[in-house]
Amino acid sequence: MKWIFLACFLISNVLFSQKIYWNENVKLDWSNFKSKINNQRGTNVVAYTNCGWIYSYVKSSNPQAPIKIEINTVFNEDKSWKDVKRINDYVLLHEQKHFDVAEVYARKLRKEVAENIKTSSDFDRHFKTIYNRILKEYQDFQRQYDSETKNGILEDKQSEYNRIIAEGLENYKSYKSS
């Protein structure tokens, strides 16, 4: 009985959790922030963007066989929150940049994977290390972004980060997902 419940829970979670895949032509809208729960600290937090990467791979038991790895940047609607009394277009831009940062680091990850992982054996030896290093860089950047912009309140710092993030997307444009 427990297994049936667990299977139903997992299937419903997959079916009903909404993910938006990063696309340069599609921007977030306030309607995408569907969580009713604010689990963030701080009085200046007006919204929270839950985003990151998902990856999948197809590998062979033959260690020398080529491997296919797909990495996508996702925004999780059901885990992203907004304070409806304080939101505005400026805050939405700040939140969009969090999603864009996730894409910058996904591109960095794709680049590292393309350069270092060709076979199933390479994957087994290197993927976890590469992934964890890029993930730490990504998390550090996200924290620094919020800290230095005071969650977007400091407009001059926000403008500086808008430029840095745009440059990151441009510098790694050859590693966009296909």
# chains A, B, ... in the order shown; residues from 1 in each chain; ligands from 1
>>> select_by_dssp(residues="region 16-170 of chain A", states="alpha helix (DSSP H)", output="PyMOL selection string")
chain A and resi 16+89-116+120-149+155-170
>>> residues_around(residues="Asn72 (chain A)", least_positions_apart="4", cutoff="12 Å", atoms="only C-alpha atoms", output="PyMOL selection string")
chain A and resi 19-23+51-57+99+102-110+175-178
>>> write_last_selection(atoms="N, CA and C atoms", output="tab-separated table (two decimals), in the first residue's frame")
chain	number	residue	atom	x	y	z
A	19	LYS	N	7.22	23.49	-14.74
A	19	LYS	CA	8.57	23.93	-15.01
A	19	LYS	C	8.56	24.75	-16.30
A	20	ILE	N	9.30	25.84	-16.28
A	20	ILE	CA	9.50	26.63	-17.49
A	20	ILE	C	10.95	26.45	-17.88
A	21	TYR	N	11.18	26.05	-19.11
A	21	TYR	CA	12.53	25.89	-19.61
A	21	TYR	C	13.02	27.24	-20.12
A	22	TRP	N	14.27	27.58	-19.79
A	22	TRP	CA	14.81	28.87	-20.18
A	22	TRP	C	14.83	29.00	-21.69
A	23	ASN	N	14.40	30.16	-22.16
A	23	ASN	CA	14.38	30.47	-23.58
A	23	ASN	C	14.58	31.97	-23.70
A	51	CYS	N	14.99	28.27	-9.33
A	51	CYS	CA	15.43	27.81	-10.65
A	51	CYS	C	16.73	27.04	-10.52
A	52	GLY	N	17.09	26.38	-11.57
A	52	GLY	CA	18.32	25.59	-11.58
A	52	GLY	C	18.40	24.79	-12.86
A	53	TRP	N	19.01	23.61	-12.75
A	53	TRP	CA	19.20	22.78	-13.94
A	53	TRP	C	18.63	21.40	-13.70
A	54	ILE	N	18.28	20.79	-14.79
A	54	ILE	CA	18.02	19.35	-14.79
A	54	ILE	C	18.88	18.77	-15.90
A	55	TYR	N	19.33	17.58	-15.70
A	55	TYR	CA	20.14	16.94	-16.73
A	55	TYR	C	19.72	15.48	-16.89
A	56	SER	N	19.98	14.98	-18.07
A	56	SER	CA	19.75	13.57	-18.35
A	56	SER	C	20.89	13.09	-19.22
A	57	TYR	N	21.09	11.81	-19.23
A	57	TYR	CA	22.17	11.26	-20.04
A	57	TYR	C	21.80	9.86	-20.51
A	99	PHE	N	17.00	33.79	-13.07
A	99	PHE	CA	16.78	32.71	-14.05
A	99	PHE	C	17.85	32.77	-15.14
A	102	ALA	N	21.05	31.31	-13.94
A	102	ALA	CA	21.01	29.84	-14.01
A	102	ALA	C	21.39	29.37	-15.41
A	103	GLU	N	20.92	30.08	-16.44
A	103	GLU	CA	21.27	29.72	-17.81
A	103	GLU	C	22.75	29.96	-18.10
A	104	VAL	N	23.32	31.04	-17.59
A	104	VAL	CA	24.76	31.29	-17.78
A	104	VAL	C	25.56	30.11	-17.26
A	105	TYR	N	25.24	29.67	-16.06
A	105	TYR	CA	26.00	28.58	-15.45
A	105	TYR	C	25.67	27.23	-16.08
A	106	ALA	N	24.47	27.07	-16.62
A	106	ALA	CA	24.17	25.86	-17.39
A	106	ALA	C	25.06	25.82	-18.63
A	107	ARG	N	25.25	26.96	-19.25
A	107	ARG	CA	26.13	27.03	-20.43
A	107	ARG	C	27.57	26.73	-20.05
A	108	LYS	N	28.01	27.22	-18.90
A	108	LYS	CA	29.36	26.89	-18.43
A	108	LYS	C	29.48	25.39	-18.21
A	109	LEU	N	28.45	24.81	-17.63
A	109	LEU	CA	28.44	23.36	-17.40
A	109	LEU	C	28.47	22.61	-18.73
A	110	ARG	N	27.65	23.05	-19.69
A	110	ARG	CA	27.65	22.40	-21.01
A	110	ARG	C	29.04	22.48	-21.66
A	175	TYR	N	27.02	27.67	-26.31
A	175	TYR	CA	26.63	26.54	-25.47
A	175	TYR	C	25.16	26.63	-25.05
A	176	LYS	N	24.36	27.35	-25.85
A	176	LYS	CA	22.90	27.35	-25.63
A	176	LYS	C	22.40	25.93	-25.85
A	177	SER	N	21.31	25.58	-25.19
A	177	SER	CA	20.76	24.24	-25.45
A	177	SER	C	20.15	24.24	-26.84
A	178	SER	N	20.21	23.09	-27.46
A	178	SER	CA	19.72	23.00	-28.84
A	178	SER	C	18.28	22.64	-28.95
>>> closest_residue(among="A:Gln139, A:Glu112, A:Asp122, A:Lys97", to="Arg163 (chain A)", atoms="only C-alpha atoms")
A:Lys97
>>> select_by_dssp(residues="region 22-108 of chain A", states="strand (DSSP E)", output="list of chain:residue names")
A:Ala47, A:Tyr48, A:Cys51, A:Gly52, A:Trp53, A:Ile54, A:Tyr55, A:Ser56, A:Tyr57, A:Val58, A:Lys68, A:Ile69, A:Glu70, A:Ile71, A:Asn72, A:Thr73, A:Val74, A:Phe75, A:Asn76, A:Trp81, A:Lys82
>>> closest_atom_pairs(of="region 13-129 of chain A", to="region 146-157 of chain A", cutoff="12 Å", atoms="only C-alpha atoms", output="tab-separated table")
residue	atom	partner	partner_atom	distance
A:Gln40	CA	A:Asn151	CA	11.7
A:Arg41	CA	A:Asn151	CA	11.6
A:Gly42	CA	A:Asn151	CA	9.9
A:Thr43	CA	A:Asn151	CA	10.4
A:Asn44	CA	A:Asn151	CA	7.0
A:Val45	CA	A:Asn151	CA	6.7
A:Val46	CA	A:Asn151	CA	8.3
A:Ala47	CA	A:Asn151	CA	9.1
A:Tyr48	CA	A:Asn151	CA	9.8
A:Thr49	CA	A:Asn151	CA	11.5
A:Ile87	CA	A:Gly152	CA	11.9
A:Asn88	CA	A:Gly152	CA	11.6
A:Asp89	CA	A:Gly152	CA	11.5
A:Tyr90	CA	A:Gly152	CA	8.1
A:Val91	CA	A:Gly152	CA	6.8
A:Leu92	CA	A:Gly152	CA	9.7
A:Leu93	CA	A:Gly152	CA	8.8
A:His94	CA	A:Gly152	CA	5.8
A:Glu95	CA	A:Gly152	CA	8.7
A:Gln96	CA	A:Gly152	CA	11.2
A:Lys97	CA	A:Gly152	CA	10.0
A:His98	CA	A:Asp146	CA	9.0
A:Val101	CA	A:Asp146	CA	11.7
>>> decode(residues="region 57-70 of chain A", atoms="all heavy atoms", output="PDB file, in the first residue's frame")
ATOM      1  N   TYR A  57      21.087  11.805 -19.229  1.00  0.00           N
ATOM      2  CA  TYR A  57      22.166  11.259 -20.042  1.00  0.00           C
ATOM      3  C   TYR A  57      21.802   9.860 -20.505  1.00  0.00           C
ATOM      4  O   TYR A  57      20.995   9.167 -19.892  1.00  0.00           O
ATOM      5  CB  TYR A  57      23.498  11.244 -19.286  1.00  0.00           C
ATOM      6  CG  TYR A  57      23.472  10.480 -17.981  1.00  0.00           C
ATOM      7  CD1 TYR A  57      23.766   9.118 -17.927  1.00  0.00           C
ATOM      8  CD2 TYR A  57      23.143  11.120 -16.789  1.00  0.00           C
ATOM      9  CE1 TYR A  57      23.748   8.428 -16.739  1.00  0.00           C
ATOM     10  CE2 TYR A  57      23.119  10.437 -15.597  1.00  0.00           C
ATOM     11  CZ  TYR A  57      23.428   9.083 -15.573  1.00  0.00           C
ATOM     12  OH  TYR A  57      23.394   8.396 -14.383  1.00  0.00           O
ATOM     13  N   VAL A  58      22.413   9.499 -21.620  1.00  0.00           N
ATOM     14  CA  VAL A  58      22.281   8.152 -22.158  1.00  0.00           C
ATOM     15  C   VAL A  58      23.703   7.645 -22.292  1.00  0.00           C
ATOM     16  O   VAL A  58      24.508   8.228 -23.020  1.00  0.00           O
ATOM     17  CB  VAL A  58      21.573   8.154 -23.532  1.00  0.00           C
ATOM     18  CG1 VAL A  58      21.511   6.740 -24.092  1.00  0.00           C
ATOM     19  CG2 VAL A  58      20.193   8.781 -23.424  1.00  0.00           C
ATOM     20  N   LYS A  59      23.991   6.591 -21.539  1.00  0.00           N
ATOM     21  CA  LYS A  59      25.345   6.047 -21.590  1.00  0.00           C
ATOM     22  C   LYS A  59      25.296   4.541 -21.738  1.00  0.00           C
ATOM     23  O   LYS A  59      24.305   3.907 -21.417  1.00  0.00           O
ATOM     24  CB  LYS A  59      26.159   6.503 -20.390  1.00  0.00           C
ATOM     25  CG  LYS A  59      25.970   5.759 -19.132  1.00  0.00           C
ATOM     26  CD  LYS A  59      26.935   6.277 -18.061  1.00  0.00           C
ATOM     27  CE  LYS A  59      27.165   5.163 -17.083  1.00  0.00           C
ATOM     28  NZ  LYS A  59      28.215   5.361 -16.168  1.00  0.00           N
ATOM     29  N   SER A  60      26.383   4.023 -22.190  1.00  0.00           N
ATOM     30  CA  SER A  60      26.512   2.602 -22.469  1.00  0.00           C
ATOM     31  C   SER A  60      27.281   1.919 -21.351  1.00  0.00           C
ATOM     32  O   SER A  60      28.024   2.567 -20.602  1.00  0.00           O
ATOM     33  CB  SER A  60      27.266   2.434 -23.795  1.00  0.00           C
ATOM     34  OG  SER A  60      27.626   1.091 -23.990  1.00  0.00           O
ATOM     35  N   SER A  61      27.144   0.609 -21.268  1.00  0.00           N
ATOM     36  CA  SER A  61      27.972  -0.158 -20.331  1.00  0.00           C
ATOM     37  C   SER A  61      29.402  -0.274 -20.871  1.00  0.00           C
ATOM     38  O   SER A  61      30.316  -0.586 -20.130  1.00  0.00           O
ATOM     39  CB  SER A  61      27.370  -1.540 -20.085  1.00  0.00           C
ATOM     40  OG  SER A  61      27.241  -2.235 -21.304  1.00  0.00           O
ATOM     41  N   ASN A  62      29.564   0.012 -22.160  1.00  0.00           N
ATOM     42  CA  ASN A  62      30.900   0.039 -22.761  1.00  0.00           C
ATOM     43  C   ASN A  62      31.566   1.358 -22.365  1.00  0.00           C
ATOM     44  O   ASN A  62      31.110   2.427 -22.755  1.00  0.00           O
ATOM     45  CB  ASN A  62      30.785  -0.069 -24.276  1.00  0.00           C
ATOM     46  CG  ASN A  62      32.113   0.108 -24.989  1.00  0.00           C
ATOM     47  OD1 ASN A  62      33.136   0.384 -24.370  1.00  0.00           O
ATOM     48  ND2 ASN A  62      32.084  -0.056 -26.296  1.00  0.00           N
ATOM     49  N   PRO A  63      32.659   1.311 -21.594  1.00  0.00           N
ATOM     50  CA  PRO A  63      33.275   2.549 -21.112  1.00  0.00           C
ATOM     51  C   PRO A  63      33.796   3.472 -22.220  1.00  0.00           C
ATOM     52  O   PRO A  63      33.949   4.667 -22.004  1.00  0.00           O
ATOM     53  CB  PRO A  63      34.425   2.075 -20.226  1.00  0.00           C
ATOM     54  CG  PRO A  63      34.536   0.613 -20.392  1.00  0.00           C
ATOM     55  CD  PRO A  63      33.347   0.121 -21.134  1.00  0.00           C
ATOM     56  N   GLN A  64      34.036   2.942 -23.413  1.00  0.00           N
ATOM     57  CA  GLN A  64      34.566   3.761 -24.509  1.00  0.00           C
ATOM     58  C   GLN A  64      33.475   4.286 -25.444  1.00  0.00           C
ATOM     59  O   GLN A  64      33.764   5.054 -26.363  1.00  0.00           O
ATOM     60  CB  GLN A  64      35.594   2.956 -25.311  1.00  0.00           C
ATOM     61  CG  GLN A  64      36.818   2.560 -24.486  1.00  0.00           C
ATOM     62  CD  GLN A  64      37.425   3.726 -23.714  1.00  0.00           C
ATOM     63  OE1 GLN A  64      37.636   4.795 -24.264  1.00  0.00           O
ATOM     64  NE2 GLN A  64      37.674   3.519 -22.429  1.00  0.00           N
ATOM     65  N   ALA A  65      32.246   3.902 -25.185  1.00  0.00           N
ATOM     66  CA  ALA A  65      31.140   4.351 -26.043  1.00  0.00           C
ATOM     67  C   ALA A  65      30.860   5.829 -25.797  1.00  0.00           C
ATOM     68  O   ALA A  65      30.987   6.321 -24.677  1.00  0.00           O
ATOM     69  CB  ALA A  65      29.897   3.517 -25.760  1.00  0.00           C
ATOM     70  N   PRO A  66      30.461   6.536 -26.856  1.00  0.00           N
ATOM     71  CA  PRO A  66      30.099   7.956 -26.677  1.00  0.00           C
ATOM     72  C   PRO A  66      28.909   8.094 -25.733  1.00  0.00           C
ATOM     73  O   PRO A  66      28.081   7.193 -25.615  1.00  0.00           O
ATOM     74  CB  PRO A  66      29.727   8.413 -28.085  1.00  0.00           C
ATOM     75  CG  PRO A  66      30.199   7.355 -29.006  1.00  0.00           C
ATOM     76  CD  PRO A  66      30.340   6.092 -28.229  1.00  0.00           C
ATOM     77  N   ILE A  67      28.823   9.232 -25.089  1.00  0.00           N
ATOM     78  CA  ILE A  67      27.726   9.511 -24.159  1.00  0.00           C
ATOM     79  C   ILE A  67      26.982  10.754 -24.621  1.00  0.00           C
ATOM     80  O   ILE A  67      27.584  11.667 -25.190  1.00  0.00           O
ATOM     81  CB  ILE A  67      28.244   9.692 -22.717  1.00  0.00           C
ATOM     82  CG1 ILE A  67      27.081   9.845 -21.749  1.00  0.00           C
ATOM     83  CG2 ILE A  67      29.210  10.854 -22.619  1.00  0.00           C
ATOM     84  CD1 ILE A  67      27.450   9.648 -20.301  1.00  0.00           C
ATOM     85  N   LYS A  68      25.680  10.768 -24.375  1.00  0.00           N
ATOM     86  CA  LYS A  68      24.863  11.940 -24.704  1.00  0.00           C
ATOM     87  C   LYS A  68      24.346  12.516 -23.386  1.00  0.00           C
ATOM     88  O   LYS A  68      23.713  11.825 -22.598  1.00  0.00           O
ATOM     89  CB  LYS A  68      23.704  11.533 -25.609  1.00  0.00           C
ATOM     90  CG  LYS A  68      22.795  12.696 -25.996  1.00  0.00           C
ATOM     91  CD  LYS A  68      21.703  12.223 -26.930  1.00  0.00           C
ATOM     92  CE  LYS A  68      20.695  13.233 -27.351  1.00  0.00           C
ATOM     93  NZ  LYS A  68      20.719  14.574 -26.994  1.00  0.00           N
ATOM     94  N   ILE A  69      24.643  13.791 -23.165  1.00  0.00           N
ATOM     95  CA  ILE A  69      24.213  14.475 -21.941  1.00  0.00           C
ATOM     96  C   ILE A  69      23.424  15.714 -22.339  1.00  0.00           C
ATOM     97  O   ILE A  69      23.865  16.482 -23.190  1.00  0.00           O
ATOM     98  CB  ILE A  69      25.428  14.900 -21.083  1.00  0.00           C
ATOM     99  CG1 ILE A  69      26.293  13.686 -20.754  1.00  0.00           C
ATOM    100  CG2 ILE A  69      24.959  15.597 -19.804  1.00  0.00           C
ATOM    101  CD1 ILE A  69      27.628  14.029 -20.133  1.00  0.00           C
ATOM    102  N   GLU A  70      22.257  15.868 -21.734  1.00  0.00           N
ATOM    103  CA  GLU A  70      21.429  17.050 -21.992  1.00  0.00           C
ATOM    104  C   GLU A  70      21.245  17.806 -20.686  1.00  0.00           C
ATOM    105  O   GLU A  70      20.903  17.216 -19.659  1.00  0.00           O
ATOM    106  CB  GLU A  70      20.074  16.623 -22.555  1.00  0.00           C
ATOM    107  CG  GLU A  70      19.210  17.784 -22.968  1.00  0.00           C
ATOM    108  CD  GLU A  70      17.917  17.338 -23.626  1.00  0.00           C
ATOM    109  OE1 GLU A  70      17.918  16.362 -24.385  1.00  0.00           O
ATOM    110  OE2 GLU A  70      16.894  17.985 -23.344  1.00  0.00           O
TER     111      GLU A  70
END
